[in-house]
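Colleague: So that you have it, the file is upload-v3.cif, and it contains mmCIF, C-alpha atoms:
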data_upload
#
loop_
_atom_site.label_atom_id
_atom_site.label_comp_id
_atom_site.auth_asym_id
_atom_site.auth_seq_id
_atom_site.Cartn_x
_atom_site.Cartn_y
_atom_site.Cartn_z
CA MET D 1 1.24 -19.26 -74.33
CA LEU D 2 -1.97 -21.13 -75.19
CA GLN D 3 -2.21 -21.57 -78.95
CA ASN D 4 -4.65 -23.18 -81.38
CA ARG D 5 -7.10 -24.20 -78.67
CA ASP D 6 -10.86 -23.84 -78.39
CA ILE D 7 -11.82 -21.89 -75.26
CA ILE D 8 -15.25 -21.21 -73.78
CA VAL D 9 -15.52 -18.29 -71.34
CA VAL D 10 -18.44 -17.95 -68.92
CA GLY D 11 -18.79 -15.42 -66.13
CA ILE D 12 -20.87 -12.91 -64.23
CA GLN D 13 -20.44 -10.06 -66.73
CA PRO D 14 -21.96 -10.06 -70.24
CA TRP D 15 -19.99 -8.86 -73.25
CA ASP D 16 -22.19 -5.74 -73.55
CA ILE D 17 -21.43 -4.56 -70.02
CA GLU D 18 -20.61 -0.84 -69.93
CA ILE D 19 -17.78 -0.94 -67.38
CA GLY D 20 -14.35 -2.50 -67.64
CA SER D 21 -14.16 -6.26 -67.34
CA ASN D 22 -11.22 -8.54 -66.58
CA CYS D 23 -13.07 -11.40 -68.20
CA LYS D 24 -13.55 -9.56 -71.49
CA ASN D 25 -9.92 -8.49 -71.58
CA ILE D 26 -8.74 -12.04 -70.92
CA ALA D 27 -11.10 -13.43 -73.59
CA ALA D 28 -9.82 -10.91 -76.13
CA GLU D 29 -6.23 -11.86 -75.30
CA PHE D 30 -7.06 -15.58 -75.57
CA ALA D 31 -8.54 -14.88 -79.02
CA LYS D 32 -5.22 -13.64 -80.40
CA ASN D 33 -4.01 -17.25 -80.60
CA ASN D 34 -7.12 -19.37 -80.02
CA ARG D 35 -10.81 -19.66 -80.94
CA VAL D 36 -12.92 -18.21 -78.13
CA LEU D 37 -16.63 -18.36 -77.33
CA TYR D 38 -17.67 -15.72 -74.77
CA VAL D 39 -21.00 -16.70 -73.22
CA ASN D 40 -23.36 -14.16 -71.68
CA SER D 41 -25.18 -15.43 -68.61
CA PRO D 42 -28.84 -16.38 -69.14
CA LEU D 43 -31.61 -13.92 -68.39
CA ASP D 44 -33.29 -14.61 -65.05
CA ARG D 45 -36.89 -13.97 -64.10
CA ILE D 46 -36.22 -11.23 -61.56
CA THR D 47 -34.10 -9.26 -64.03
CA LYS D 48 -36.76 -9.68 -66.70
CA LEU D 49 -39.37 -8.32 -64.30
CA ARG D 50 -37.33 -5.42 -62.90
CA GLN D 51 -35.35 -4.32 -65.95
CA GLY D 52 -37.62 -5.43 -68.77
CA LYS D 53 -37.83 -1.92 -70.26
CA SER D 54 -34.07 -1.54 -70.84
CA GLU D 55 -32.86 -2.14 -74.38
CA LYS D 56 -30.37 -4.80 -73.31
CA ILE D 57 -33.03 -6.85 -71.54
CA LYS D 58 -35.52 -6.33 -74.39
CA LYS D 59 -32.93 -7.85 -76.72
CA ARG D 60 -32.51 -10.87 -74.45
CA ILE D 61 -36.28 -11.33 -74.17
CA ARG D 62 -36.57 -11.31 -77.99
CA ILE D 63 -33.89 -14.01 -78.20
CA VAL D 64 -35.59 -16.10 -75.51
CA ASN D 65 -38.94 -15.78 -77.30
CA SER D 66 -37.35 -16.89 -80.58
CA GLY D 67 -36.13 -20.09 -78.96
CA LYS D 68 -32.80 -19.78 -80.80
CA PRO D 69 -29.56 -18.65 -79.14
CA GLU D 70 -27.87 -15.79 -80.96
CA LEU D 71 -24.21 -16.17 -81.90
CA VAL D 72 -22.41 -12.94 -82.80
CA GLU D 73 -18.91 -12.71 -84.24
CA ILE D 74 -17.06 -9.98 -82.32
CA SER D 75 -13.78 -10.31 -84.20
CA PRO D 76 -11.80 -13.07 -85.93
CA ASN D 77 -11.60 -16.01 -83.47
CA LEU D 78 -14.02 -14.42 -80.97
CA TRP D 79 -17.78 -15.05 -80.72
CA ASN D 80 -20.42 -13.90 -78.23
CA LEU D 81 -23.36 -16.13 -77.32
CA PHE D 82 -26.76 -14.83 -76.13
CA PRO D 83 -28.57 -17.86 -74.60
CA ALA D 84 -32.24 -18.33 -75.50
CA THR D 85 -33.33 -19.46 -72.05
CA ILE D 86 -34.49 -18.04 -68.73
CA ASN D 87 -33.08 -19.09 -65.38
CA GLU D 88 -35.17 -19.31 -62.25
CA SER D 89 -34.22 -16.68 -59.64
CA ILE D 90 -33.27 -18.86 -56.69
CA ASN D 91 -30.76 -16.96 -54.54
CA ARG D 92 -33.28 -16.14 -51.77
CA ILE D 93 -34.22 -19.78 -51.23
CA GLY D 94 -33.18 -20.89 -47.74
CA SER D 95 -33.07 -24.65 -48.26
CA ASN D 96 -29.73 -25.89 -49.64
CA ARG D 97 -31.39 -28.99 -51.01
CA LEU D 98 -34.05 -27.04 -52.93
CA PHE D 99 -31.48 -24.48 -54.12
CA ASP D 100 -29.22 -27.24 -55.48
CA TRP D 101 -32.11 -28.96 -57.26
CA LEU D 102 -33.25 -25.77 -58.98
CA ASN D 103 -29.66 -24.71 -59.69
CA LYS D 104 -29.06 -27.98 -61.50
CA ILE D 105 -32.12 -27.29 -63.67
CA ASN D 106 -30.77 -23.79 -64.43
CA ASN D 107 -27.36 -25.20 -65.29
CA LYS D 108 -28.85 -27.82 -67.60
CA ARG D 109 -30.78 -25.14 -69.52
CA PHE D 110 -27.63 -23.06 -69.78
CA ALA D 111 -25.47 -25.98 -70.90
CA THR D 112 -27.99 -26.88 -73.61
CA GLN D 113 -27.63 -23.40 -75.10
CA ILE D 114 -23.83 -23.57 -75.01
CA LYS D 115 -23.87 -26.96 -76.74
CA VAL D 116 -25.72 -25.40 -79.68
CA ALA D 117 -22.87 -22.92 -80.13
CA ILE D 118 -20.23 -25.64 -79.65
CA ASP D 119 -21.78 -27.62 -82.49
CA ARG D 120 -22.10 -24.59 -84.76
CA LEU D 121 -18.48 -23.57 -84.19
CA GLY D 122 -17.12 -27.10 -84.21
CA PHE D 123 -15.26 -26.70 -80.92
CA LYS D 124 -13.28 -29.78 -79.82
CA ASP D 125 -11.33 -30.66 -76.67
CA PHE D 126 -12.08 -27.21 -75.32
CA ILE D 127 -10.97 -25.36 -72.20
CA LEU D 128 -13.77 -23.95 -70.04
CA PHE D 129 -12.79 -20.75 -68.22
CA ASN D 130 -15.23 -19.61 -65.54
CA ASP D 131 -15.01 -16.05 -64.24
CA SER D 132 -16.52 -16.47 -60.75
CA ASP D 133 -19.95 -17.64 -61.97
CA MET D 134 -20.27 -19.92 -58.98
CA PHE D 135 -24.02 -20.68 -59.26
CA ARG D 136 -25.17 -20.64 -62.90
CA SER D 137 -22.08 -22.52 -64.09
CA TYR D 138 -21.64 -24.91 -61.16
CA TYR D 139 -22.56 -28.04 -63.15
CA LEU D 140 -21.07 -27.03 -66.51
CA LYS D 141 -18.03 -29.23 -65.98
CA GLU D 142 -20.34 -32.23 -65.76
CA TYR D 143 -22.68 -31.19 -68.59
CA LEU D 144 -20.10 -29.92 -71.10
CA LYS D 145 -17.16 -32.19 -70.20
CA PRO D 146 -14.31 -29.79 -71.06
CA GLU D 147 -10.76 -31.08 -71.33
CA ILE D 148 -9.70 -28.51 -68.71
CA TYR D 149 -11.94 -26.61 -66.30
CA ILE D 150 -10.58 -23.37 -64.79
CA TYR D 151 -12.23 -21.33 -62.04
CA TYR D 152 -11.10 -17.67 -61.95
CA THR D 153 -11.46 -15.63 -58.75
CA ARG D 154 -10.83 -11.87 -58.80
CA ASP D 155 -13.08 -10.59 -56.00
CA ASN D 156 -13.96 -12.02 -52.61
CA LEU D 157 -17.58 -12.27 -53.69
CA ILE D 158 -18.71 -14.38 -50.74
CA ALA D 159 -18.11 -11.37 -48.47
CA MET D 160 -20.98 -9.58 -50.25
CA ASP D 161 -24.58 -10.00 -49.12
CA TYR D 162 -25.92 -11.34 -52.43
CA TRP D 163 -23.39 -14.18 -52.58
CA LYS D 164 -23.08 -15.05 -48.88
CA LYS D 165 -26.14 -17.23 -48.37
CA HIS D 166 -25.18 -19.98 -50.81
CA GLY D 167 -21.80 -18.78 -52.04
CA ILE D 168 -19.74 -19.73 -48.98
CA ARG D 169 -20.73 -23.35 -49.51
CA ILE D 170 -20.96 -23.42 -53.30
CA GLU D 171 -17.75 -21.58 -54.20
CA ALA D 172 -15.66 -23.87 -51.99
CA LEU D 173 -17.16 -26.93 -53.70
CA HIS D 174 -16.73 -25.26 -57.09
CA MET D 175 -13.03 -24.59 -56.51
CA LYS D 176 -12.53 -28.12 -55.22
CA LYS D 177 -13.81 -29.75 -58.40
CA ALA D 178 -12.05 -27.39 -60.83
CA ASP D 179 -8.91 -28.70 -62.50
CA LEU D 180 -7.23 -25.49 -61.38
CA VAL D 181 -8.07 -22.14 -59.83
CA VAL D 182 -6.42 -18.90 -60.94
CA ALA D 183 -6.57 -15.64 -58.98
CA ASN D 184 -5.60 -12.05 -59.66
CA SER D 185 -4.37 -11.42 -56.12
CA THR D 186 -2.09 -13.30 -53.73
CA TYR D 187 -4.79 -13.10 -51.05
CA LEU D 188 -7.43 -14.81 -53.21
CA ALA D 189 -4.94 -17.43 -54.39
CA ALA D 190 -4.18 -18.32 -50.76
CA LEU D 191 -7.91 -18.62 -50.02
CA ALA D 192 -8.40 -20.88 -53.03
CA ARG D 193 -5.58 -23.22 -51.94
CA LYS D 194 -7.67 -24.18 -48.91
CA PHE D 195 -9.97 -26.00 -51.34
CA ASN D 196 -7.73 -26.80 -54.30
CA PRO D 197 -3.92 -27.23 -54.17
CA ASN D 198 -3.79 -26.37 -57.88
CA SER D 199 -4.45 -22.67 -57.19
CA PHE D 200 -2.23 -20.01 -58.73
CA TYR D 201 -1.65 -16.27 -58.50
CA VAL D 202 -1.60 -15.11 -62.14
CA GLY D 203 -1.49 -11.35 -61.64
CA GLN D 204 -3.64 -8.76 -63.32
CA GLY D 205 -3.69 -7.17 -66.72
CA CYS D 206 -4.21 -3.49 -67.30
CA ASP D 207 -4.55 -1.38 -70.43
CA ILE D 208 -2.20 1.47 -69.62
CA SER D 209 -1.81 2.70 -73.20
CA LEU D 210 -3.71 5.91 -72.33
CA PHE D 211 -1.63 6.52 -69.20
CA ASP D 212 1.53 8.01 -70.69
CA SER D 213 2.24 11.48 -69.34
CA ARG D 214 4.38 12.33 -72.36
CA LEU D 215 1.34 12.07 -74.65
CA ILE D 216 -0.93 14.32 -72.57
CA SER D 217 -1.07 18.05 -73.23
CA VAL D 218 -4.54 18.89 -71.90
CA PHE D 219 -4.90 20.79 -68.63
CA PRO D 220 -8.49 20.30 -67.38
CA ASP D 221 -10.25 23.61 -66.76
CA ASP D 222 -11.65 22.52 -63.38
CA LEU D 223 -8.11 21.84 -62.11
CA ARG D 224 -6.57 25.18 -63.12
CA ASN D 225 -7.46 27.17 -60.01
CA ILE D 226 -6.86 24.42 -57.45
CA PRO D 227 -3.77 25.15 -55.29
CA LYS D 228 -0.83 22.77 -55.18
CA PRO D 229 0.05 20.25 -53.91
CA ILE D 230 -2.83 18.17 -55.22
CA ILE D 231 -3.50 14.86 -53.47
CA GLY D 232 -5.79 13.00 -55.86
CA TYR D 233 -8.04 9.99 -56.18
CA ILE D 234 -9.71 8.73 -59.37
CA GLY D 235 -12.52 6.19 -59.29
CA ALA D 236 -15.98 5.53 -57.93
CA LEU D 237 -16.46 7.12 -54.51
CA LEU D 238 -18.13 4.23 -52.70
CA SER D 239 -18.21 3.98 -48.91
CA LEU D 240 -18.20 0.18 -49.24
CA ARG D 241 -14.64 0.42 -50.57
CA LEU D 242 -13.19 3.80 -49.55
CA ASP D 243 -12.51 5.06 -46.03
CA ILE D 244 -14.21 8.45 -45.65
CA ASN D 245 -12.56 8.90 -42.23
CA VAL D 246 -9.10 8.76 -43.81
CA LEU D 247 -10.04 11.38 -46.39
CA GLU D 248 -11.51 13.66 -43.70
CA TYR D 249 -8.39 13.22 -41.58
CA ILE D 250 -6.11 14.22 -44.49
CA ALA D 251 -8.22 17.30 -45.24
CA VAL D 252 -8.30 18.47 -41.60
CA SER D 253 -4.66 17.66 -40.81
CA ARG D 254 -3.21 19.43 -43.84
CA PRO D 255 -5.48 22.32 -44.92
CA GLU D 256 -2.68 23.54 -47.21
CA TRP D 257 -3.07 20.41 -49.34
CA SER D 258 -5.81 20.17 -51.98
CA LEU D 259 -7.70 16.90 -51.87
CA VAL D 260 -9.15 16.26 -55.34
CA LEU D 261 -11.68 13.45 -55.87
CA VAL D 262 -12.66 12.47 -59.41
CA GLY D 263 -15.58 10.07 -59.81
CA PRO D 264 -19.27 9.48 -59.05
CA GLU D 265 -20.36 9.56 -55.39
CA ASP D 266 -22.64 7.24 -53.44
CA GLU D 267 -25.04 8.64 -50.84
CA ALA D 268 -22.54 8.31 -47.98
CA PHE D 269 -20.03 10.47 -49.84
CA LYS D 270 -22.67 13.00 -50.87
CA ASN D 271 -23.70 13.41 -47.23
CA SER D 272 -20.18 13.36 -45.75
CA MET D 273 -18.36 16.22 -44.00
CA LEU D 274 -15.91 16.26 -46.90
CA HIS D 275 -18.23 18.66 -48.71
CA GLN D 276 -17.76 21.18 -45.90
CA PHE D 277 -13.99 21.48 -46.28
CA LYS D 278 -12.56 24.27 -48.43
CA ASN D 279 -9.57 22.17 -49.49
CA VAL D 280 -11.63 19.22 -50.80
CA TYR D 281 -12.72 19.33 -54.44
CA PHE D 282 -15.30 16.96 -55.92
CA LEU D 283 -14.91 17.10 -59.71
CA GLY D 284 -17.57 14.52 -60.57
CA ASN D 285 -17.59 11.68 -63.06
CA LYS D 286 -15.40 11.90 -66.17
CA GLN D 287 -15.03 9.94 -69.39
CA GLY D 288 -12.31 7.30 -69.31
CA SER D 289 -10.33 9.13 -71.97
CA GLU D 290 -10.24 12.25 -69.75
CA LEU D 291 -8.80 10.59 -66.66
CA PRO D 292 -5.09 10.64 -67.64
CA SER D 293 -5.17 14.43 -68.07
CA TYR D 294 -6.37 14.78 -64.46
CA LEU D 295 -3.92 12.22 -63.17
CA LYS D 296 -1.00 14.02 -64.84
CA HIS D 297 -1.51 17.08 -62.65
CA PHE D 298 -1.79 15.25 -59.31
CA ASP D 299 1.27 15.53 -57.07
CA VAL D 300 0.41 12.40 -55.07
CA THR D 301 -2.23 9.75 -55.78
CA ILE D 302 -4.04 7.82 -53.07
CA ASN D 303 -6.22 4.75 -52.63
CA PRO D 304 -7.61 4.80 -49.06
CA GLN D 305 -9.42 1.48 -49.03
CA VAL D 306 -11.67 0.40 -46.21
CA LEU D 307 -10.23 -2.75 -44.68
CA SER D 308 -12.99 -5.34 -44.94
CA PRO D 309 -13.51 -8.86 -46.30
CA VAL D 310 -14.84 -7.23 -49.47
CA THR D 311 -11.71 -5.17 -50.18
CA ILE D 312 -8.79 -6.91 -48.50
CA GLY D 313 -8.08 -9.30 -51.35
CA ASN D 314 -8.87 -7.06 -54.31
CA TYR D 315 -6.22 -6.26 -56.88
CA PRO D 316 -6.47 -2.46 -57.25
CA ARG D 317 -6.14 -1.86 -60.99
CA LYS D 318 -6.05 1.90 -60.43
CA ILE D 319 -2.61 1.49 -58.80
CA ASP D 320 -1.21 0.33 -62.13
CA GLU D 321 -2.72 3.40 -63.78
CA TYR D 322 -1.23 5.68 -61.13
CA LEU D 323 2.21 4.10 -61.46
CA ALA D 324 2.09 4.07 -65.27
CA MET D 325 1.96 7.86 -65.03
CA GLY D 326 4.96 7.77 -62.67
CA LYS D 327 2.93 9.13 -59.78
CA PRO D 328 3.97 8.71 -56.13
CA THR D 329 1.19 6.64 -54.63
CA VAL D 330 -0.06 6.11 -51.08
CA ALA D 331 -2.47 3.24 -50.39
CA THR D 332 -3.89 1.24 -47.54
CA LYS D 333 -1.71 -1.74 -46.69
CA THR D 334 -3.37 -5.04 -47.65
CA GLU D 335 -2.03 -8.43 -48.65
CA ALA D 336 -2.97 -7.72 -52.27
CA MET D 337 -0.93 -4.49 -52.13
CA SER D 338 2.21 -6.47 -51.24
CA VAL D 339 2.79 -6.81 -55.00
CA PHE D 340 3.30 -3.02 -55.12
CA ALA D 341 5.30 -2.66 -51.89
CA ASP D 342 8.54 -1.56 -53.57
CA TYR D 343 6.83 1.15 -55.64
CA THR D 344 4.23 2.64 -53.30
CA TYR D 345 3.87 3.99 -49.78
CA LEU D 346 1.62 1.79 -47.65
CA ALA D 347 -0.40 3.09 -44.70
CA GLU D 348 -1.85 0.96 -41.92
CA LYS D 349 -3.82 3.71 -40.14
CA LYS D 350 -5.11 7.17 -40.98
CA GLU D 351 -2.17 8.91 -39.28
CA ASP D 352 0.20 7.02 -41.60
CA TYR D 353 -1.40 8.70 -44.60
CA ILE D 354 0.00 12.09 -43.54
CA THR D 355 3.51 10.70 -43.02
CA CYS D 356 3.42 8.73 -46.27
CA ILE D 357 2.13 11.64 -48.36
CA GLU D 358 4.77 13.95 -46.94
CA LYS D 359 7.45 11.38 -47.77
CA ALA D 360 6.00 10.88 -51.27
CA LEU D 361 6.13 14.63 -51.92
CA SER D 362 9.69 15.04 -50.68
CA GLU D 363 11.23 11.97 -52.33
CA ASP D 364 9.70 12.19 -55.80
CA ASN D 365 12.19 12.49 -58.65
CA GLU D 366 12.59 11.50 -62.29
CA GLU D 367 14.53 8.30 -61.58
CA ILE D 368 11.86 6.97 -59.23
CA ARG D 369 9.10 7.99 -61.65
CA LEU D 370 10.69 5.94 -64.43
CA LYS D 371 10.96 2.89 -62.16
CA ARG D 372 7.25 3.15 -61.35
CA GLU D 373 6.37 3.38 -65.03
CA GLU D 374 8.48 0.36 -65.97
CA PHE D 375 6.94 -1.71 -63.19
CA ALA D 376 3.38 -0.86 -64.28
CA LYS D 377 4.17 -1.76 -67.89
CA GLN D 378 4.78 -5.37 -66.82
CA HIS D 379 1.11 -5.78 -65.92
CA THR D 380 -0.28 -6.41 -69.39
CA TRP D 381 -3.12 -8.68 -70.43
CA GLU D 382 -0.59 -10.64 -72.49
CA ASN D 383 1.45 -11.38 -69.37
CA ASN D 384 -1.71 -12.19 -67.44
CA VAL D 385 -2.76 -14.80 -70.01
CA LEU D 386 0.81 -16.12 -70.16
CA GLU D 387 0.62 -16.80 -66.41
CA ILE D 388 -2.73 -18.57 -66.88
CA SER D 389 -1.13 -20.66 -69.64
CA ASN D 390 1.77 -21.53 -67.34
CA ALA D 391 -0.65 -22.58 -64.60
CA ILE D 392 -2.44 -24.91 -67.04
CA LYS D 393 0.90 -26.36 -68.13
CA THR D 394 1.94 -26.97 -64.51
CA VAL D 395 -1.26 -28.88 -63.77
CA LYS D 396 -1.11 -30.87 -67.04
CA CYS D 397 2.51 -31.87 -66.37
CA SER D 398 1.64 -33.09 -62.87
CA ASP D 399 -1.16 -35.37 -64.08
#
Starting from the file, lay out its structure as C-alpha cells.
Modeller:
Amino acid sequence: MLQNRDIIVVGIQPWDIEIGSNCKNIAAEFAKNNRVLYVNSPLDRITKLRQGKSEKIKKRIRIVNSGKPELVEISPNLWNLFPATINESINRIGSNRLFDWLNKINNKRFATQIKVAIDRLGFKDFILFNDSDMFRSYYLKEYLKPEIYIYYTRDNLIAMDYWKKHGIRIEALHMKKADLVVANSTYLAALARKFNPNSFYVGQGCDISLFDSRLISVFPDDLRNIPKPIIGYIGALLSLRLDINVLEYIAVSRPEWSLVLVGPEDEAFKNSMLHQFKNVYFLGNKQGSELPSYLKHFDVTINPQVLSPVTIGNYPRKIDEYLAMGKPTVATKTEAMSVFADYTYLAEKKEDYITCIEKALSEDNEEIRLKREEFAKQHTWENNVLEISNAIKTVKCSD
C-alpha cells in the first residue's frame, strides 16, 4: 500500500459534486496513509456564462476575482484546491492545431495554480493521479514534473459526443505518455494497452456498508401493496444506458411479475410504453439511505444495459450493491460483467432475461446468498487503492 507519499489528484469531478465519485473515494483512501491534494478543475467561460447564478459557480467566480487560489482542509492529510483562474472553452474548435495551442495555455494557467498549493503544502516527489481529465490536464506532466504520472480511466468517455471531437486523438496520446494507466474494468484496461503496455485492471471500490440486509427493518410504504415476485432496478432511468425494449419485453412476457423501477426518469422513459403496463411500478427518486430498504424486498435485481460503446466497458457499481444484499441478479452480458460471471445471471438478448430471471427465482437459497455477499465485500476502496499501489510498484520495478 502507498504510504507517506505526497499525491495530487486531478479529474473531471470537483470535490463538491453532489453525486458519488470514484475519484473522491480513491483520494479519501489515499489520504489514510499519504498527504493528498484534491484539485477542482478550473472554471471555464461557458460554465461561468450559463451557470453563473448557481452558488457553486458564484463561489468560483469570487475566488477567480480575488486572484488567489483557495486551499481548504477537508480532513487530516486531505486538502481541496479551488483554482483562481478561468479556462477558455475550446471543445467546439475544429482545428487540432488551434485546439492544442489554446489547450496548452489552459494547462499552463491550471498548473500555475497547482504550484501555489504545492509550495504552501511543501509537497515533494509527488505522484500525480489524473481521473480522465484528458484535456485540461494534458500538459500537467510537463509543467508539474511529478515523480509518477498515472492516468485513470473508468468510463469510455470518447464514445460520448462531448469528448469525441478531440478526445479520440488526445486520450490516446495522454495514455501513451503516462507512466501507467489504471482502469476499473477489464474492457477499459484492454483498450488502454493499445497505447500503453503499462495498463492495469485495478477493480472498483464500493461503499457497501449500508447494504446489509440484517440491519434493515424498514418496509417502504410504496412497496407494501405490490404483488410478488418483484423484479427490481435501482438507479437513474436513462435511455442512453438502459434498454427500454428489454424492460417492456419482461413486463409483457410475464404479467404476473411486478417490475419495480426506483430512480429518476429521462424523457424517453417518461414517454415509454412502460407507463401503460399494470405490472410496472415507477417509484421515483429516493435518498441514498433509503435504497437498501427497497432492495431488501426485491426478489430479483436487474441491470438491463444498452449495449453501446458508452456502456460496454463500464463497471456497474450497482451490481456490487445488489450482491452485497445477497440478491439474485440478472444483467446484460458485457466484457466488464465477466468479473461477476460466477455470481450473476448474464443475458445476451431480451429473451434471455425471462429464462435468467426464472432461474434466479428458482435457484435462490441462503448458501448462494452468502456467497454473493462475501464476493461483494471484496470490492472495497482499500482493495482498489491496494491494486493501484501494486500497479505502481510493478512499473517502478521494471524501470
Colleague: Evaluate the PyMOL selection byres ((chain D and resi 385-394) around 10) on the structure here and hand back the selected residues as a PyMOL selection string.
Modeller: chain D and resi 1-3+25-27+29-30+127+148-150+152+179-183+198-205+380-384+395-399
Colleague: Could you write out as number ranges by chain the residues that the PyMOL selection byres ((chain D and resi 111) around 9) matches in the shown file?
Modeller: D: 106-110, 112-116, 137, 139-140, 143-144
Colleague: Considering only C-alpha atoms, state which residue in the set D:Val300, D:Leu307, D:Ile158, D:Ile312 is at the smallest distance from Val260 of chain D.
Modeller: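 Of D:Val300, D:Leu307, D:Ile158, D:Ile312, the one nearest Val260 of chain D is D:Val300, counting only C-alpha atoms.
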Colleague: Evaluating the PyMOL selection byres ((chain D and resi 168) around 12) on the displayed file yields which residues, as a list in words?
Modeller: Asn96, Met134, Phe135, Asn156, Leu157, Ile158, Ala159, Met160, Asp161, Tyr162, Trp163, Lys164, Lys165, His166, Gly167, Arg169, Ile170, Glu171, Ala172, Leu173, His174, Met175, Leu191 and Phe195 of chain D
Colleague: Would you list the contacts of Ile12 of chain D as a PyMOL selection string, taking every protein, DNA or RNA residue within 9 Å and counting only C-alpha atoms, but skipping same-chain residues closer than 6 positions in sequence?
Modeller: chain D and resi 23+40-41+130-134+136
Colleague: Any idea what the distance is between atom CA of Tyr322 of chain D and atom CA of Lys359 of chain D?
Modeller: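 Here the two named atoms are 16.9 Å from each other.
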Colleague: Report, in Å to a single decimal, how far apart atom CA of Phe219 of chain D and atom CA of Asn365 of chain D are.
Modeller: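 We find that atom CA of Asn365 of chain D and atom CA of Phe219 of chain D lie 21.5 Å from each other.
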Colleague: So what do you get for atom CA of Gly20 of chain D versus atom CA of Asn271 of chain D, distance-wise?
Modeller: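 According to the coordinates, atom CA of Gly20 of chain D and atom CA of Asn271 of chain D are separated by 27.5 Å.
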Colleague: Determine the nearest neighbour of Ala341 of chain D from the options D:Tyr151, D:Leu215, D:Glu363, D:Phe375, counting all atoms listed in the file.
Modeller: D:Phe375
Colleague: May I ask which of the residues D:Glu290, D:Glu70, D:Asp299, D:Asp16 is the closest one to Ser258 of chain D, counting all atoms listed in the file?
Modeller: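 Of the candidates, the smallest distance to Ser258 of chain D is held by D:Asp299.
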Colleague: Please provide as a ChimeraX atom specification all residues within 6 Å of Gly313 of chain D, with the sequence filter that same-chain residues fewer than 4 positions apart are discarded (counting all atoms listed in the file).
Modeller: /D:187-188,336
Colleague: Tell me which protein, DNA and RNA residues are within 7 Å of Ala84 of chain D, counting only C-alpha atoms, leaving out same-chain ones fewer than 6 positions away, and put them as a PDB file with C-alpha atoms, in the frame of the given file.
Modeller:
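Output below, filename result36.pdb:
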ATOM      1  CA  ILE D  63     -33.890 -14.010 -78.200  1.00  0.00           C
ATOM      2  CA  VAL D  64     -35.590 -16.100 -75.510  1.00  0.00           C
ATOM      3  CA  GLY D  67     -36.130 -20.090 -78.960  1.00  0.00           C
ATOM      4  CA  LYS D  68     -32.800 -19.780 -80.800  1.00  0.00           C
ATOM      5  CA  PRO D  69     -29.560 -18.650 -79.140  1.00  0.00           C
ATOM      6  CA  GLN D 113     -27.630 -23.400 -75.100  1.00  0.00           C
TER       7      GLN D 113
END
Colleague: Neighbours of Thr301 of chain D within 9 Å (all atoms listed in the file; same-chain residues fewer than 4 positions away dropped), as a VMD selection string?
Modeller: chain D and resid 230 to 234 295 319 322 327 to 331 357
Colleague: May I have the residues within 10 Å of segment 261-264 of chain D as a PyMOL selection string, using all atoms listed in the file and disregarding those fewer than 2 positions away in the same chain?
Modeller: chain D and resi 231-238+247+258-259+266+269-270+280-287+291+294-295+302
Colleague: Output as a compact mmCIF listing (two decimals), in the coordinates of the input: segment 172-184 of chain D, completed with N, CA and C atoms.
Modeller:
# COMPACT_ATOMS: atom_id res chain seq x y z
N ALA D 172 -16.67 -22.92 -52.48
CA ALA D 172 -15.66 -23.87 -51.99
C ALA D 172 -15.75 -25.19 -52.75
N LEU D 173 -16.98 -25.70 -52.94
CA LEU D 173 -17.16 -26.93 -53.70
C LEU D 173 -16.76 -26.75 -55.16
N HIS D 174 -17.04 -25.57 -55.70
CA HIS D 174 -16.73 -25.26 -57.09
C HIS D 174 -15.21 -25.28 -57.31
N MET D 175 -14.49 -24.61 -56.41
CA MET D 175 -13.03 -24.59 -56.51
C MET D 175 -12.45 -26.00 -56.37
N LYS D 176 -13.03 -26.77 -55.47
CA LYS D 176 -12.53 -28.12 -55.22
C LYS D 176 -12.60 -29.00 -56.46
N LYS D 177 -13.66 -28.86 -57.25
CA LYS D 177 -13.81 -29.75 -58.40
C LYS D 177 -13.17 -29.21 -59.67
N ALA D 178 -12.74 -27.94 -59.66
CA ALA D 178 -12.05 -27.39 -60.83
C ALA D 178 -10.70 -28.08 -61.01
N ASP D 179 -10.24 -28.15 -62.25
CA ASP D 179 -8.91 -28.70 -62.50
C ASP D 179 -7.84 -27.78 -61.95
N LEU D 180 -8.11 -26.47 -62.00
CA LEU D 180 -7.23 -25.49 -61.38
C LEU D 180 -8.01 -24.21 -61.12
N VAL D 181 -7.51 -23.44 -60.16
CA VAL D 181 -8.07 -22.14 -59.83
C VAL D 181 -6.99 -21.10 -60.08
N VAL D 182 -7.35 -20.00 -60.74
CA VAL D 182 -6.42 -18.90 -60.94
C VAL D 182 -7.00 -17.65 -60.29
N ALA D 183 -6.12 -16.82 -59.72
CA ALA D 183 -6.57 -15.64 -58.98
C ALA D 183 -5.72 -14.45 -59.36
N ASN D 184 -6.33 -13.27 -59.29
CA ASN D 184 -5.60 -12.05 -59.66
C ASN D 184 -4.95 -11.38 -58.46
